[in-house]
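Chemist: Pasting a structure below so you can have a look.
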Amino acid sequence: MKLHLEIWRQAGPTTEGHYESIDVPDAVEQMSILELLDHVNETLIESGREPFAFASDCREGICGTCGLTVNGRPHGPEQNKPSCQQRLFNFSDGDTIRLEPLRSAAYPVIKDMIVDRSALDRVMQQGGYVSVNAGTAPDADTLHMNHQTAELALDHAACIGCGACVAACPNGAAHLFTGAKLVHLSLMPLGKNERGRRARNMVDEVETNFGPCSLFGECADVCPAGIPLTAVAAINKERARAAFTAKDA
Ligand code: FES
């Protein structure tokens, strides 16, 4: 299939970017968006030109490293799939595809389509973990947890941290991301130890770097892990609960 691509080129964080036009005469509809970029880059390298920079790792939808805006939509046209799983059969012969970085005030561009998503890492540093002396591995049945609670925790632990939710949100909010972590960790038996402190610190951090949530729902629409919009309620619920717990709990 023939495709016309408009691809974002930006040399660095402080330089101005622009779209570069590239025609691809031999794209294959089974290709992913990232494989299409690989193909473009091979052609550029062969002709002595600079390839486009973009991030990827697993290419299996599990690591959260990839993240492009495809025709204005974070990750691409297919709902709840990361960029590495978006295939060209969603496009038609002769289509124009515009590829650019995830767009959000919290994500400065590093180069071309690579953005700095460390603002999400800072939220995690404030409490996206469990502080216990783990010792040796416990027996599987030592920690009691009913099946529904375990499933709910796992559903929210599925967040891969790609940050597409922030880019999709008109407010640039990270409530879906943070809510998923708060739900997941508050449900785990060991995660209850520092539940209040975690909620206070993570919510403070997310409010420092990201916008407010207006429940638009675009975040859940693009989330590759299918985190439900109800996760954002954990922000207020966990913060309200934390107001009644000791400062060090
Ligand atoms: S490269 Fe790992 S989720 Fe896309």
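How things are named: the first chain in the structure tokens is A, the next is B, and so on; residues count from 1 in each chain; ligands count from 1 in the order shown.
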Name the residues, by chain letter and number, that sit within 6 Å of ligand 1 using only C-alpha atoms and all ligand atoms, and give them as a CSV table (one decimal) with C-alpha atoms, in the first residue's frame.

Modeler:
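As written to disk, pocket12.csv reads:
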```csv
chain,number,residue,atom,x,y,z
A,56,SER,CA,10.3,1.4,21.9
A,57,ASP,CA,11.3,-1.6,23.7
A,58,CYS,CA,9.2,-4.8,24.1
A,59,ARG,CA,7.0,-4.1,21.0
A,60,GLU,CA,4.5,-6.5,22.7
A,61,GLY,CA,2.3,-4.0,24.5
A,62,ILE,CA,3.8,-4.7,28.0
A,63,CYS,CA,6.6,-2.2,28.7
A,64,GLY,CA,5.0,1.2,28.1
A,65,THR,CA,8.0,2.6,26.3
A,66,CYS,CA,6.4,3.4,23.0
A,82,PRO,CA,-0.2,0.9,22.4
A,83,SER,CA,1.7,2.3,19.3
A,84,CYS,CA,3.6,-0.9,18.9
```

Chemist: Hey, what does DSSP flag as helix (DSSP H, G or I) within segment 15-241 of chain A? Can you give it to me as a VMD selection string?

Modeler: chain A and resid 33 to 46 83 to 85 88 to 90 118 to 125 147 to 157 164 to 168 175 to 187 189 to 209 218 to 222 229 to 241

Chemist: Pick out the closest residue to Asp93 of chain A from this set: A:Ala246, A:Cys165, A:Val24, A:Ala180. Count only C-alpha atoms.

Modeler: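 For Asp93 of chain A, the nearest of the given residues is A:Val24.
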
Chemist: I'd like the contact shell of segment 186-197 of chain A - 6 Å cut-off, only C-alpha atoms, skipping same-chain residues fewer than 3 positions apart - returned as an MDAnalysis selection string.

Modeler: chainID A and resid 130 153 182:183 200 242 249

Chemist: Which value, in Å to one decimal, gives the distance between atom CA of Arg98 of chain A and atom CA of Gly48 of chain A?

Modeler: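 Computed distance, atom CA of Arg98 of chain A to atom CA of Gly48 of chain A, equals 23.3 Å.
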
Chemist: Which residue, A:Arg73, A:Arg122, A:Lys181, A:Arg9, has the smallest gap to Ile160 of chain A when you use only C-alpha atoms?

Modeler: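 For Ile160 of chain A, the nearest of the given residues is A:Lys181.
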
Chemist: For Glu35 of chain A, which of A:Gln86, A:Asn146, A:Ser104, A:Asn133 is the closest residue, counting only C-alpha atoms?

Modeler: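 Nearest candidate to Glu35 of chain A out of A:Gln86, A:Asn146, A:Ser104, A:Asn133: A:Gln86.
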
Chemist: Pick the closest to Phe177 of chain A from A:Gly67, A:Gly217, A:Gly163, A:Gly17: which is it, counting only C-alpha atoms?

Modeler: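 Among the listed residues, A:Gly163 lies closest to Phe177 of chain A.
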
Chemist: Identify, on the basis of only C-alpha atoms, every residue whose closest approach to Ala11 of chain A does not exceed 9 Å; exclude the query and any residue fewer than 2 positions from it along the same chain; express the result as a PyMOL selection string.

Modeler: chain A and resi 9+13-17+110-112

Chemist: Measuring between only C-alpha atoms, which one of A:Arg103, A:Arg241, A:Arg198, A:Lys2 shows the shortest distance to Leu68 of chain A?

Modeler: A:Arg103

Chemist: So which residues touch Phe210 of chain A within 12 Å, counting only C-alpha atoms, skipping near sequence neighbours fewer than 5 positions away, as a PyMOL selection string?

Modeler: chain A and resi 104-107+117+119-120+122-123+163+165-167+169-178+202-205

Chemist: If we count only C-alpha atoms, what is near Gln79 of chain A at a cut-off of 8 Å, once residues fewer than 4 positions away on the same chain are taken out, given as a PyMOL selection string?

Modeler: chain A and resi 221-224

Chemist: Generate the output file for the selected residues, N, CA, C and O atoms, as a PDB file, in the first residue's frame.

Modeler:
```
ATOM      1  N   ASP A 221     -10.119   5.893  27.163  1.00  0.00           N
ATOM      2  CA  ASP A 221     -10.360   5.505  25.778  1.00  0.00           C
ATOM      3  C   ASP A 221      -9.075   5.062  25.073  1.00  0.00           C
ATOM      4  O   ASP A 221      -9.093   4.211  24.197  1.00  0.00           O
ATOM      5  N   VAL A 222      -7.948   5.663  25.451  1.00  0.00           N
ATOM      6  CA  VAL A 222      -6.679   5.317  24.778  1.00  0.00           C
ATOM      7  C   VAL A 222      -5.821   4.362  25.597  1.00  0.00           C
ATOM      8  O   VAL A 222      -4.844   3.823  25.081  1.00  0.00           O
ATOM      9  N   CYS A 223      -6.158   4.138  26.863  1.00  0.00           N
ATOM     10  CA  CYS A 223      -5.286   3.352  27.747  1.00  0.00           C
ATOM     11  C   CYS A 223      -5.077   1.933  27.219  1.00  0.00           C
ATOM     12  O   CYS A 223      -6.038   1.174  27.091  1.00  0.00           O
ATOM     13  N   PRO A 224      -3.828   1.539  26.923  1.00  0.00           N
ATOM     14  CA  PRO A 224      -3.583   0.200  26.387  1.00  0.00           C
ATOM     15  C   PRO A 224      -3.936  -0.911  27.365  1.00  0.00           C
ATOM     16  O   PRO A 224      -4.175  -2.036  26.958  1.00  0.00           O
TER      17      PRO A 224
END
```
